[in-house]
Number of protein chains: 2
Amino acid sequence: MEKLNKVRLNEIDITDGFWAQRQKMNRETTVYAVWDRYEETGRIGAFDFDYVEGGEKPRPHFFWDSDVAKWMESAAYIIAKKPDPVLEARIETLIDKIEAHQDPNGYFNIYHTVIEPDNRFKDRDHHELYCLGHLIEAAVAYYNATGRDRMIRLLDKYVDYVIKVFVEERSTGFSSPGHEEIELALFKLFEVTGNEKYKDLAMFFLNERGRDEIPVANWSNAKYSQNHMPVRRQRTAEGHSVRANYLYAGMADAVRETGDPEMWEACKALFDDIYGHKMYITAGVGSTHHGEAFTTAYDLPNDTAYAETCAAIALALFAGRMANLEPDSRYADTVERAIYNGILSGISLDGRCFFYENPLEINLADRTRHASMRDEDRLPITERQLNFGCSCCPPNVTRLIADIGEYVCSYDAERIFIHQYMACSASLPGMQLDIDTAYPSKGEIRIELAGAKFKKLYLRIPGWCEAFTLSAPYVMKNGYAEVEIPSDMFALTLSLEMQVRFISADPRVRADAGKVAVTYGPLVYCIEKTDNDCILSDVRLYTGETPQISFDPYFDAPVITAKAAVTDETSVKALYMPLKDLKTRDITVRLIPYYGFANRGESDMRVWMRTVGKD
Amino acid sequence: MEKLNKVRLNEIDITDGFWAQRQKMNRETTVYAVWDRYEETGRIGAFDFDYVEGGEKPRPHFFWDSDVAKWMESAAYIIAKKPDPVLEARIETLIDKIEAHQDPNGYFNIYHTVIEPDNRFKDRDHHELYCLGHLIEAAVAYYNATGRDRMIRLLDKYVDYVIKVFVEERSTGFSSPGHEEIELALFKLFEVTGNEKYKDLAMFFLNERGRDEIPVANWSNAKYSQNHMPVRRQRTAEGHSVRANYLYAGMADAVRETGDPEMWEACKALFDDIYGHKMYITAGVGSTHHGEAFTTAYDLPNDTAYAETCAAIALALFAGRMANLEPDSRYADTVERAIYNGILSGISLDGRCFFYENPLEINLADRTRHASMRDEDRLPITERQLNFGCSCCPPNVTRLIADIGEYVCSYDAERIFIHQYMACSASLPGMQLDIDTAYPSKGEIRIELAGAKFKKLYLRIPGWCEAFTLSAPYVMKNGYAEVEIPSDMFALTLSLEMQVRFISADPRVRADAGKVAVTYGPLVYCIEKTDNDCILSDVRLYTGETPQISFDPYFDAPVITAKAAVTDETSVKALYMPLKDLKTRDITVRLIPYYGFANRGESDMRVWMRTVGKD
């Protein structure tokens, strides 16, 4: 186990290219759009604590605090890079309200003050600690952006209260949260303050988990909230996939801060289980809407995939932490798979609408199959929404995009690791790193590094890359090209060969049997009926022929044109007929980046496609 | 529209072969097993009308009458062919009880006498008319078997009461039944008695249907019970698939008895919709357990298929009637598809256990995918049961098998049609027909016909048959080979060439995309993990090579050995990897008749399989 330092947001600027565009939209459009939705729905107004039954204001939900806290965290990341008096004023006003309405004992939770004040810390599924965790993350982000620690001080008082009732008195109705989040938040607070009590409380919650088998809700069992056994013994990813990955991220923080070897073994096994058995090719996780949960190994249905945007983000949080504990490119590969696919699909190209679920296949006809029933099947929605009843995903995307720079690189005294390739400029202790690239559209990456003489540079060679050239000598180590840095002013060029790839899943993945996914660089592609007027399940790609690539400004990425075969309709004579009598005809199909699906109206869509010849 | 006379059960004996074996088992084992289950569960005892709340007897269900009635009908068919004093005594005792407990006004229904006497004919979904229909079918069968008309006379009184309250007074809570069945039963009663009032009442119920849009249950809409429009305007098969096909069978009877041209157009369109868009290759119908219903065209999922045994039987009832209204082999083809596949799969090889649902794919791993939930997905069961809570299917199979001879042939003054091939001997008016064959294991059929000189013989050439020889001159007409009968003592041999066939579905059937089903003669085959220790979704059949056939006495049918490819496990290195890096290896797979699945314990199973090369 190692302990690399990740680059801090205040040390790195995204300067150009794909992510600069995403950040611009995030800053100018999305963070405002999310605020507007939260204002319209009463989430902002709830901070006035003036809800009355039967009054005009909507009834606060028990995790609205966390929605707004994630918005505050996003806004803090944004103003850290570019001053914005509007966002800053909004954050300050929210902190004013927290200060005004915080209990004298430190407790703060809107729902459990205005609706159920007598049931504080009684219901394990009421997310008070989850809300506190997100408030802490916002406070740390705002402190890092502005140097102002008022929110940290307010929450410090709340944390003291939590320590009193959970640890000292043990007077609460449960001893570990139903929805994890506070663990990783407390480690952040420990890191920024150096105060051990935060770390100790985080460890308390980790250690309490799984000591009893109390489920969160009566329709679930203990696995749903990762409460089925002590965390150090857990080896398989189970239950609600956001909760699970937030927990695993907190466990990785615990490893980092304590070196706990049993916790480290658990983290590695849990990552391996996800990476090897339970992750969609988009890095979406959570195969079912029942409990928004992990299911069994290789169970990855495409049309009913839950793959919540937040879960892919949570997986990136976990994998990003793992990348700094062990130099193994699988971790940063997973972050990359998530940020270009299963996370980015959660936000529309115009930055205003969102997906909560991210299926890998849409068949619109399925929506009306229960023609004789009043209700339909529960299927993922097919149009991005401005907001959701449970609207955790939108501000989770905004904070991820605003904070994306922190995934780029990490370092210690002798080494610099570059995990993600984006045009950026980073001022690390004693070193200056500049990256210039049109990634992910192009594989050429120019890296300049000053002040790192005699250190070693580690460049991740992505798992998708079958060939590359590097303008300096290197040896491969755990998926990274290790380069000795010979000079103070050092520049090199990495060229990752990009080609259209046809990817198969493990044969145990029944949903993908006989099908391939198409990738180009880190991007996973899909076909939409919008572009392809045919039966998508009938499309068979010619995998022996090389598709055409062209840049499409609408998606800000390459699109793919490929040769395919479909059934010749004139040969179809009956519902069932001999295989030999069906004829095919060739067509050209257009594939778009998966993250861009459902931006041009509802459409059939699929990632996994049949092939001609070899299936 | 034509009007052929179907052979009557008392005119035909199944003499040997496949169906003689099924009838023997039915007579010696199944009819007794079903009785025992009905006795154990209180269905028989309920006819004593002595249920008291809190007493020892179980509470009768509102359609238990129909379960027992179908058993009576089955037993009547059995004693019609072979005396059985035990069965006969049981029927007589049941009739005694009906007589003893029938209301003075004629009404008879256990539930609405001992539980809810005040709610007679108030709840459209309480199946009183459905129960009456099955009692009528039993009464007619028993009369035909024994000449005794006591049960008919009892029910005649009930019918008079129904006419009074439904037609004359219009004092009931609904005007057409929620679950159809009485219509076709009344036509049977009309046919055997010649009394027009039965036909008129059947027409009344047909005419009333769809005049309002009252759904049966609040979770359904009017389509669920085929109540969405007047029956003559219906063009697509909708809703509960047993109810639908019972209705359509009744409509076909109405066409036969009235020649109604609008009804005939509706019947043809409804059959075309099922045959062309909504029928599994096994002749199972009803794609979803939600409402046990038809869904949309081409929506034929295999693993969640409902395909109730009763629905395939109901389809056979409908298609069998259509075959006598129009000489078009598609109707008898559909009967054949049902009786050898989707119906026969509903009963175990030992005749003791049953399936209610008949999926075309089982993946046992799916049963435990919701590892963090208390409940699992609703999926078809994987083991045949002795009985069901709703146990309509077992006696429906027994009556179908006992009565199978009635599907063999039909005739009018100038023509004899042979629809189904089984070893039998039929004494038709002025004619004697004898068929000798080992069908469906072998395609050779010897037919002897006496007393039919100068008539025309029509032999169905099954839709599955690509080549045949006939030892007499013929011309093809609507799927039948028309042969002029030159002599009083006429014999001919039909040889239907049987071969293993690889069948594709219409490309619009998404569930079967890239897959084939394997058939041999009328039998659909499947692979079970019991025989094939591999990942069934990974199996790819070599469709260019000729599989081996061998007779297996366990299944009383041929089994198939075929060459296939599977992924070479040693080439699998990750959850996602390039298609080109995956290697395959050849294996031999064993396919068994679909009707024999799940007889050797729970197992993964599938009908639709991938192919090598052409998919």
# chains A, B, ... in the order shown; residues from 1 in each chain; ligands from 1
call {"tool": "residues_around", "arguments": {"residues": "Ala100 in chain A", "least_positions_apart": "6", "cutoff": "12 Å", "atoms": "only C-alpha atoms", "output": "MDAnalysis selection string"}}
result
chainID A and resid 47:49 93:94 106:108 110 151 154
call {"tool": "interface_residues", "arguments": {"of": "chain B", "to": "chain A", "cutoff": "7 Å", "atoms": "only C-alpha atoms", "output": "PDB file with C-alpha atoms, in the first residue's frame"}}
result
ATOM      1  CA  TRP B 219     -55.700  -2.554 -11.810  1.00  0.00           C
ATOM      2  CA  SER B 220     -56.664  -3.367 -15.374  1.00  0.00           C
ATOM      3  CA  ASN B 221     -58.360  -1.541 -18.168  1.00  0.00           C
ATOM      4  CA  ALA B 222     -61.163  -2.725 -20.405  1.00  0.00           C
ATOM      5  CA  LYS B 223     -58.776  -4.579 -22.720  1.00  0.00           C
ATOM      6  CA  TYR B 224     -57.905  -7.016 -19.959  1.00  0.00           C
ATOM      7  CA  GLU B 238     -55.777  -8.201 -26.088  1.00  0.00           C
ATOM      8  CA  GLY B 239     -55.752  -8.825 -22.370  1.00  0.00           C
ATOM      9  CA  GLY B 276     -48.451 -13.468 -36.944  1.00  0.00           C
ATOM     10  CA  HIS B 277     -47.387 -11.393 -33.946  1.00  0.00           C
ATOM     11  CA  GLY B 291     -52.716  -9.673 -16.203  1.00  0.00           C
ATOM     12  CA  THR B 295     -48.907  -7.533 -24.855  1.00  0.00           C
ATOM     13  CA  THR B 296     -47.842  -5.845 -28.079  1.00  0.00           C
ATOM     14  CA  ARG B 369     -30.171 -11.529  -8.102  1.00  0.00           C
ATOM     15  CA  HIS B 370     -31.874  -9.318  -5.595  1.00  0.00           C
ATOM     16  CA  ALA B 371     -29.415 -10.254  -2.937  1.00  0.00           C
ATOM     17  CA  SER B 372     -30.122  -7.193  -0.822  1.00  0.00           C
ATOM     18  CA  MET B 373     -33.897  -7.343  -1.040  1.00  0.00           C
ATOM     19  CA  ARG B 374     -36.334  -9.419   0.917  1.00  0.00           C
ATOM     20  CA  ARG B 501     -34.533 -27.297 -38.700  1.00  0.00           C
ATOM     21  CA  PHE B 502     -33.046 -24.047 -37.504  1.00  0.00           C
ATOM     22  CA  ILE B 503     -35.829 -21.515 -37.183  1.00  0.00           C
ATOM     23  CA  SER B 504     -35.524 -17.725 -36.964  1.00  0.00           C
ATOM     24  CA  ALA B 505     -38.100 -15.350 -35.638  1.00  0.00           C
ATOM     25  CA  ASP B 506     -39.254 -12.219 -37.408  1.00  0.00           C
ATOM     26  CA  PRO B 507     -36.511  -9.612 -36.818  1.00  0.00           C
ATOM     27  CA  ARG B 508     -39.010  -7.532 -34.911  1.00  0.00           C
ATOM     28  CA  ARG B 510     -36.250  -8.581 -30.089  1.00  0.00           C
ATOM     29  CA  ALA B 513     -32.636 -11.609 -32.307  1.00  0.00           C
ATOM     30  CA  ILE B 535     -23.198 -21.433 -20.093  1.00  0.00           C
ATOM     31  CA  SER B 537     -26.288 -18.245 -23.432  1.00  0.00           C
ATOM     32  CA  ASP B 538     -22.774 -18.910 -24.731  1.00  0.00           C
ATOM     33  CA  THR B 567     -16.040 -19.566 -25.566  1.00  0.00           C
ATOM     34  CA  VAL B 572     -11.359 -14.905 -21.020  1.00  0.00           C
ATOM     35  CA  ALA B 574     -11.453  -9.655 -18.101  1.00  0.00           C
ATOM     36  CA  LEU B 575     -15.053  -8.576 -17.845  1.00  0.00           C
ATOM     37  CA  TYR B 576     -14.622  -6.606 -21.101  1.00  0.00           C
ATOM     38  CA  MET B 577     -12.078  -7.503 -23.748  1.00  0.00           C
ATOM     39  CA  PRO B 578     -11.628  -7.258 -27.514  1.00  0.00           C
ATOM     40  CA  LEU B 579     -13.815  -9.591 -29.535  1.00  0.00           C
ATOM     41  CA  GLY B 613     -21.368 -17.864 -38.401  1.00  0.00           C
ATOM     42  CA  LYS B 614     -24.818 -16.765 -39.370  1.00  0.00           C
TER      43      LYS B 614
END
call {"tool": "residues_around", "arguments": {"residues": "Glu28 in chain A", "least_positions_apart": "3", "cutoff": "12 Å", "atoms": "only C-alpha atoms", "output": "PDB file with all heavy atoms, in the first residue's frame"}}
result
ATOM      1  N   ALA A  20     -12.521  21.604 -20.378  1.00  0.00           N
ATOM      2  CA  ALA A  20     -12.708  23.060 -20.241  1.00  0.00           C
ATOM      3  C   ALA A  20     -14.102  23.457 -20.733  1.00  0.00           C
ATOM      4  O   ALA A  20     -14.771  24.299 -20.132  1.00  0.00           O
ATOM      5  CB  ALA A  20     -11.622  23.800 -21.028  1.00  0.00           C
ATOM      6  N   GLN A  21     -14.520  22.798 -21.805  1.00  0.00           N
ATOM      7  CA  GLN A  21     -15.882  23.052 -22.309  1.00  0.00           C
ATOM      8  C   GLN A  21     -16.939  22.602 -21.300  1.00  0.00           C
ATOM      9  O   GLN A  21     -17.919  23.297 -21.042  1.00  0.00           O
ATOM     10  CB  GLN A  21     -16.107  22.291 -23.629  1.00  0.00           C
ATOM     11  CG  GLN A  21     -15.469  22.938 -24.840  1.00  0.00           C
ATOM     12  CD  GLN A  21     -15.959  24.374 -25.048  1.00  0.00           C
ATOM     13  OE1 GLN A  21     -17.151  24.657 -24.990  1.00  0.00           O
ATOM     14  NE2 GLN A  21     -15.021  25.293 -25.237  1.00  0.00           N
ATOM     15  N   ARG A  22     -16.737  21.413 -20.741  1.00  0.00           N
ATOM     16  CA  ARG A  22     -17.712  20.915 -19.754  1.00  0.00           C
ATOM     17  C   ARG A  22     -17.756  21.839 -18.538  1.00  0.00           C
ATOM     18  O   ARG A  22     -18.812  22.116 -17.991  1.00  0.00           O
ATOM     19  CB  ARG A  22     -17.334  19.498 -19.280  1.00  0.00           C
ATOM     20  CG  ARG A  22     -17.162  18.442 -20.369  1.00  0.00           C
ATOM     21  CD  ARG A  22     -18.464  17.804 -20.771  1.00  0.00           C
ATOM     22  NE  ARG A  22     -19.072  18.421 -21.924  1.00  0.00           N
ATOM     23  CZ  ARG A  22     -18.563  18.473 -23.156  1.00  0.00           C
ATOM     24  NH1 ARG A  22     -17.364  17.994 -23.449  1.00  0.00           N
ATOM     25  NH2 ARG A  22     -19.233  19.058 -24.121  1.00  0.00           N
ATOM     26  N   GLN A  23     -16.586  22.315 -18.120  1.00  0.00           N
ATOM     27  CA  GLN A  23     -16.547  23.184 -16.934  1.00  0.00           C
ATOM     28  C   GLN A  23     -17.200  24.533 -17.219  1.00  0.00           C
ATOM     29  O   GLN A  23     -17.853  25.106 -16.350  1.00  0.00           O
ATOM     30  CB  GLN A  23     -15.105  23.369 -16.457  1.00  0.00           C
ATOM     31  CG  GLN A  23     -14.540  22.088 -15.845  1.00  0.00           C
ATOM     32  CD  GLN A  23     -13.316  22.318 -14.976  1.00  0.00           C
ATOM     33  OE1 GLN A  23     -12.547  23.266 -15.218  1.00  0.00           O
ATOM     34  NE2 GLN A  23     -13.128  21.459 -13.988  1.00  0.00           N
ATOM     35  N   LYS A  24     -16.989  25.034 -18.424  1.00  0.00           N
ATOM     36  CA  LYS A  24     -17.616  26.315 -18.801  1.00  0.00           C
ATOM     37  C   LYS A  24     -19.136  26.190 -18.734  1.00  0.00           C
ATOM     38  O   LYS A  24     -19.831  27.032 -18.156  1.00  0.00           O
ATOM     39  CB  LYS A  24     -17.160  26.699 -20.210  1.00  0.00           C
ATOM     40  CG  LYS A  24     -17.676  28.033 -20.733  1.00  0.00           C
ATOM     41  CD  LYS A  24     -16.920  28.409 -22.011  1.00  0.00           C
ATOM     42  CE  LYS A  24     -17.272  29.815 -22.502  1.00  0.00           C
ATOM     43  NZ  LYS A  24     -18.607  29.916 -23.080  1.00  0.00           N
ATOM     44  N   MET A  25     -19.655  25.104 -19.313  1.00  0.00           N
ATOM     45  CA  MET A  25     -21.101  24.904 -19.285  1.00  0.00           C
ATOM     46  C   MET A  25     -21.600  24.696 -17.859  1.00  0.00           C
ATOM     47  O   MET A  25     -22.648  25.206 -17.458  1.00  0.00           O
ATOM     48  CB  MET A  25     -21.456  23.687 -20.137  1.00  0.00           C
ATOM     49  CG  MET A  25     -22.929  23.452 -20.312  1.00  0.00           C
ATOM     50  SD  MET A  25     -23.205  21.988 -21.338  1.00  0.00           S
ATOM     51  CE  MET A  25     -22.698  20.702 -20.191  1.00  0.00           C
ATOM     52  N   VAL A  31     -24.847  24.950 -12.933  1.00  0.00           N
ATOM     53  CA  VAL A  31     -24.935  25.265 -11.506  1.00  0.00           C
ATOM     54  C   VAL A  31     -26.097  26.241 -11.246  1.00  0.00           C
ATOM     55  O   VAL A  31     -26.763  26.158 -10.200  1.00  0.00           O
ATOM     56  CB  VAL A  31     -23.569  25.787 -10.977  1.00  0.00           C
ATOM     57  CG1 VAL A  31     -23.337  27.233 -11.407  1.00  0.00           C
ATOM     58  CG2 VAL A  31     -23.481  25.620  -9.473  1.00  0.00           C
ATOM     59  N   TYR A  32     -26.378  27.075 -12.205  1.00  0.00           N
ATOM     60  CA  TYR A  32     -27.534  27.986 -12.074  1.00  0.00           C
ATOM     61  C   TYR A  32     -28.854  27.242 -12.287  1.00  0.00           C
ATOM     62  O   TYR A  32     -29.835  27.496 -11.604  1.00  0.00           O
ATOM     63  CB  TYR A  32     -27.400  29.165 -13.045  1.00  0.00           C
ATOM     64  CG  TYR A  32     -26.436  30.209 -12.524  1.00  0.00           C
ATOM     65  CD1 TYR A  32     -25.090  30.196 -12.873  1.00  0.00           C
ATOM     66  CD2 TYR A  32     -26.887  31.194 -11.639  1.00  0.00           C
ATOM     67  CE1 TYR A  32     -24.206  31.132 -12.375  1.00  0.00           C
ATOM     68  CE2 TYR A  32     -25.993  32.137 -11.132  1.00  0.00           C
ATOM     69  CZ  TYR A  32     -24.660  32.106 -11.506  1.00  0.00           C
ATOM     70  OH  TYR A  32     -23.789  33.039 -10.983  1.00  0.00           O
ATOM     71  N   ALA A  33     -28.838  26.356 -13.243  1.00  0.00           N
ATOM     72  CA  ALA A  33     -30.073  25.585 -13.519  1.00  0.00           C
ATOM     73  C   ALA A  33     -30.465  24.747 -12.302  1.00  0.00           C
ATOM     74  O   ALA A  33     -31.637  24.686 -11.921  1.00  0.00           O
ATOM     75  CB  ALA A  33     -29.875  24.690 -14.741  1.00  0.00           C
ATOM     76  N   VAL A  34     -29.482  24.109 -11.690  1.00  0.00           N
ATOM     77  CA  VAL A  34     -29.784  23.277 -10.521  1.00  0.00           C
ATOM     78  C   VAL A  34     -30.317  24.159  -9.392  1.00  0.00           C
ATOM     79  O   VAL A  34     -31.297  23.818  -8.709  1.00  0.00           O
ATOM     80  CB  VAL A  34     -28.547  22.466 -10.078  1.00  0.00           C
ATOM     81  CG1 VAL A  34     -28.817  21.729  -8.770  1.00  0.00           C
ATOM     82  CG2 VAL A  34     -28.150  21.462 -11.167  1.00  0.00           C
ATOM     83  N   TRP A  35     -29.672  25.311  -9.194  1.00  0.00           N
ATOM     84  CA  TRP A  35     -30.180  26.250  -8.167  1.00  0.00           C
ATOM     85  C   TRP A  35     -31.649  26.613  -8.425  1.00  0.00           C
ATOM     86  O   TRP A  35     -32.482  26.578  -7.530  1.00  0.00           O
ATOM     87  CB  TRP A  35     -29.325  27.522  -8.142  1.00  0.00           C
ATOM     88  CG  TRP A  35     -29.892  28.576  -7.228  1.00  0.00           C
ATOM     89  CD1 TRP A  35     -30.836  29.517  -7.545  1.00  0.00           C
ATOM     90  CD2 TRP A  35     -29.602  28.756  -5.844  1.00  0.00           C
ATOM     91  NE1 TRP A  35     -31.144  30.282  -6.447  1.00  0.00           N
ATOM     92  CE2 TRP A  35     -30.408  29.838  -5.377  1.00  0.00           C
ATOM     93  CE3 TRP A  35     -28.738  28.127  -4.934  1.00  0.00           C
ATOM     94  CZ2 TRP A  35     -30.365  30.300  -4.054  1.00  0.00           C
ATOM     95  CZ3 TRP A  35     -28.690  28.587  -3.627  1.00  0.00           C
ATOM     96  CH2 TRP A  35     -29.505  29.644  -3.201  1.00  0.00           C
ATOM     97  N   ALA A  75     -20.659  24.890  -6.177  1.00  0.00           N
ATOM     98  CA  ALA A  75     -20.432  26.331  -6.331  1.00  0.00           C
ATOM     99  C   ALA A  75     -19.082  26.723  -5.749  1.00  0.00           C
ATOM    100  O   ALA A  75     -18.373  27.577  -6.304  1.00  0.00           O
ATOM    101  CB  ALA A  75     -21.570  27.099  -5.660  1.00  0.00           C
ATOM    102  N   ILE A  78     -16.421  25.906  -8.136  1.00  0.00           N
ATOM    103  CA  ILE A  78     -16.448  26.836  -9.267  1.00  0.00           C
ATOM    104  C   ILE A  78     -15.801  28.164  -8.893  1.00  0.00           C
ATOM    105  O   ILE A  78     -14.943  28.680  -9.619  1.00  0.00           O
ATOM    106  CB  ILE A  78     -17.904  27.018  -9.763  1.00  0.00           C
ATOM    107  CG1 ILE A  78     -18.343  25.734 -10.497  1.00  0.00           C
ATOM    108  CG2 ILE A  78     -18.031  28.247 -10.662  1.00  0.00           C
ATOM    109  CD1 ILE A  78     -19.826  25.659 -10.791  1.00  0.00           C
ATOM    110  N   ILE A  79     -16.163  28.699  -7.740  1.00  0.00           N
ATOM    111  CA  ILE A  79     -15.573  30.003  -7.382  1.00  0.00           C
ATOM    112  C   ILE A  79     -14.103  29.857  -6.990  1.00  0.00           C
ATOM    113  O   ILE A  79     -13.355  30.834  -7.026  1.00  0.00           O
ATOM    114  CB  ILE A  79     -16.374  30.737  -6.280  1.00  0.00           C
ATOM    115  CG1 ILE A  79     -16.416  29.939  -4.975  1.00  0.00           C
ATOM    116  CG2 ILE A  79     -17.782  31.071  -6.751  1.00  0.00           C
ATOM    117  CD1 ILE A  79     -17.136  30.694  -3.849  1.00  0.00           C
ATOM    118  N   LYS A  82     -12.795  30.556 -10.471  1.00  0.00           N
ATOM    119  CA  LYS A  82     -13.204  31.776 -11.167  1.00  0.00           C
ATOM    120  C   LYS A  82     -14.213  32.485 -10.273  1.00  0.00           C
ATOM    121  O   LYS A  82     -15.279  31.946  -9.998  1.00  0.00           O
ATOM    122  CB  LYS A  82     -13.874  31.401 -12.503  1.00  0.00           C
ATOM    123  CG  LYS A  82     -14.151  32.575 -13.430  1.00  0.00           C
ATOM    124  CD  LYS A  82     -14.479  32.054 -14.846  1.00  0.00           C
ATOM    125  CE  LYS A  82     -14.418  33.137 -15.903  1.00  0.00           C
ATOM    126  NZ  LYS A  82     -15.543  34.047 -15.930  1.00  0.00           N
ATOM    127  N   ASP A  84     -17.184  34.328  -8.613  1.00  0.00           N
ATOM    128  CA  ASP A  84     -18.571  34.514  -9.040  1.00  0.00           C
ATOM    129  C   ASP A  84     -19.345  35.029  -7.831  1.00  0.00           C
ATOM    130  O   ASP A  84     -19.739  34.264  -6.944  1.00  0.00           O
ATOM    131  CB  ASP A  84     -19.161  33.186  -9.543  1.00  0.00           C
ATOM    132  CG  ASP A  84     -20.586  33.378 -10.075  1.00  0.00           C
ATOM    133  OD1 ASP A  84     -21.339  34.214  -9.523  1.00  0.00           O
ATOM    134  OD2 ASP A  84     -20.945  32.677 -11.034  1.00  0.00           O
ATOM    135  N   VAL A  86     -22.278  36.029  -7.381  1.00  0.00           N
ATOM    136  CA  VAL A  86     -23.642  35.522  -7.172  1.00  0.00           C
ATOM    137  C   VAL A  86     -23.596  34.199  -6.416  1.00  0.00           C
ATOM    138  O   VAL A  86     -24.286  34.007  -5.416  1.00  0.00           O
ATOM    139  CB  VAL A  86     -24.374  35.359  -8.523  1.00  0.00           C
ATOM    140  CG1 VAL A  86     -25.741  34.704  -8.317  1.00  0.00           C
ATOM    141  CG2 VAL A  86     -24.528  36.714  -9.208  1.00  0.00           C
ATOM    142  N   LEU A  87     -22.768  33.301  -6.911  1.00  0.00           N
ATOM    143  CA  LEU A  87     -22.668  31.998  -6.248  1.00  0.00           C
ATOM    144  C   LEU A  87     -22.177  32.172  -4.814  1.00  0.00           C
ATOM    145  O   LEU A  87     -22.682  31.541  -3.880  1.00  0.00           O
ATOM    146  CB  LEU A  87     -21.714  31.073  -7.020  1.00  0.00           C
ATOM    147  CG  LEU A  87     -22.123  30.693  -8.447  1.00  0.00           C
ATOM    148  CD1 LEU A  87     -21.096  29.710  -9.040  1.00  0.00           C
ATOM    149  CD2 LEU A  87     -23.522  30.078  -8.488  1.00  0.00           C
ATOM    150  N   ASP A 350     -26.706  20.158 -23.301  1.00  0.00           N
ATOM    151  CA  ASP A 350     -26.867  21.597 -23.047  1.00  0.00           C
ATOM    152  C   ASP A 350     -26.737  21.931 -21.558  1.00  0.00           C
ATOM    153  O   ASP A 350     -26.917  23.084 -21.168  1.00  0.00           O
ATOM    154  CB  ASP A 350     -28.203  22.109 -23.609  1.00  0.00           C
ATOM    155  CG  ASP A 350     -29.409  21.581 -22.847  1.00  0.00           C
ATOM    156  OD1 ASP A 350     -29.236  20.846 -21.855  1.00  0.00           O
ATOM    157  OD2 ASP A 350     -30.545  21.914 -23.245  1.00  0.00           O
ATOM    158  N   GLY A 351     -26.469  20.924 -20.750  1.00  0.00           N
ATOM    159  CA  GLY A 351     -26.181  21.194 -19.341  1.00  0.00           C
ATOM    160  C   GLY A 351     -27.376  21.507 -18.472  1.00  0.00           C
ATOM    161  O   GLY A 351     -27.217  21.928 -17.327  1.00  0.00           O
ATOM    162  N   ARG A 352     -28.584  21.258 -18.980  1.00  0.00           N
ATOM    163  CA  ARG A 352     -29.759  21.667 -18.223  1.00  0.00           C
ATOM    164  C   ARG A 352     -30.586  20.499 -17.684  1.00  0.00           C
ATOM    165  O   ARG A 352     -31.384  20.692 -16.775  1.00  0.00           O
ATOM    166  CB  ARG A 352     -30.681  22.521 -19.101  1.00  0.00           C
ATOM    167  CG  ARG A 352     -30.059  23.832 -19.512  1.00  0.00           C
ATOM    168  CD  ARG A 352     -30.992  24.680 -20.370  1.00  0.00           C
ATOM    169  NE  ARG A 352     -30.284  25.852 -20.863  1.00  0.00           N
ATOM    170  CZ  ARG A 352     -30.095  26.951 -20.149  1.00  0.00           C
ATOM    171  NH1 ARG A 352     -30.562  27.042 -18.926  1.00  0.00           N
ATOM    172  NH2 ARG A 352     -29.426  27.978 -20.646  1.00  0.00           N
ATOM    173  N   THR A 398     -22.495  18.207 -11.079  1.00  0.00           N
ATOM    174  CA  THR A 398     -21.855  19.532 -11.118  1.00  0.00           C
ATOM    175  C   THR A 398     -20.598  19.555 -10.257  1.00  0.00           C
ATOM    176  O   THR A 398     -19.589  20.147 -10.639  1.00  0.00           O
ATOM    177  CB  THR A 398     -22.813  20.653 -10.661  1.00  0.00           C
ATOM    178  OG1 THR A 398     -23.264  20.384  -9.330  1.00  0.00           O
ATOM    179  CG2 THR A 398     -24.011  20.777 -11.585  1.00  0.00           C
ATOM    180  N   ALA A 402     -16.848  20.189 -11.785  1.00  0.00           N
ATOM    181  CA  ALA A 402     -16.082  21.336 -11.266  1.00  0.00           C
ATOM    182  C   ALA A 402     -14.769  20.887 -10.646  1.00  0.00           C
ATOM    183  O   ALA A 402     -13.772  21.614 -10.662  1.00  0.00           O
ATOM    184  CB  ALA A 402     -16.938  22.084 -10.241  1.00  0.00           C
TER     185      ALA A 402
END
call {"tool": "select_by_dssp", "arguments": {"residues": "range 331-551 of chain A", "states": "strand (DSSP E)", "output": "JSON, numbers by chain"}}
result
{"A": [361, 362, 409, 410, 411, 415, 416, 417, 418, 424, 425, 426, 427, 428, 431, 432, 433, 434, 435, 436, 437, 444, 445, 446, 447, 448, 449, 450, 456, 457, 458, 459, 460, 468, 469, 470, 475, 476, 477, 480, 481, 482, 483, 484, 489, 490, 491, 492, 493, 494, 495, 496, 500, 501, 502, 503, 504, 505, 515, 516, 517, 518, 519, 520, 523, 524, 525, 526, 527, 528, 540, 541, 548, 549, 550, 551]}
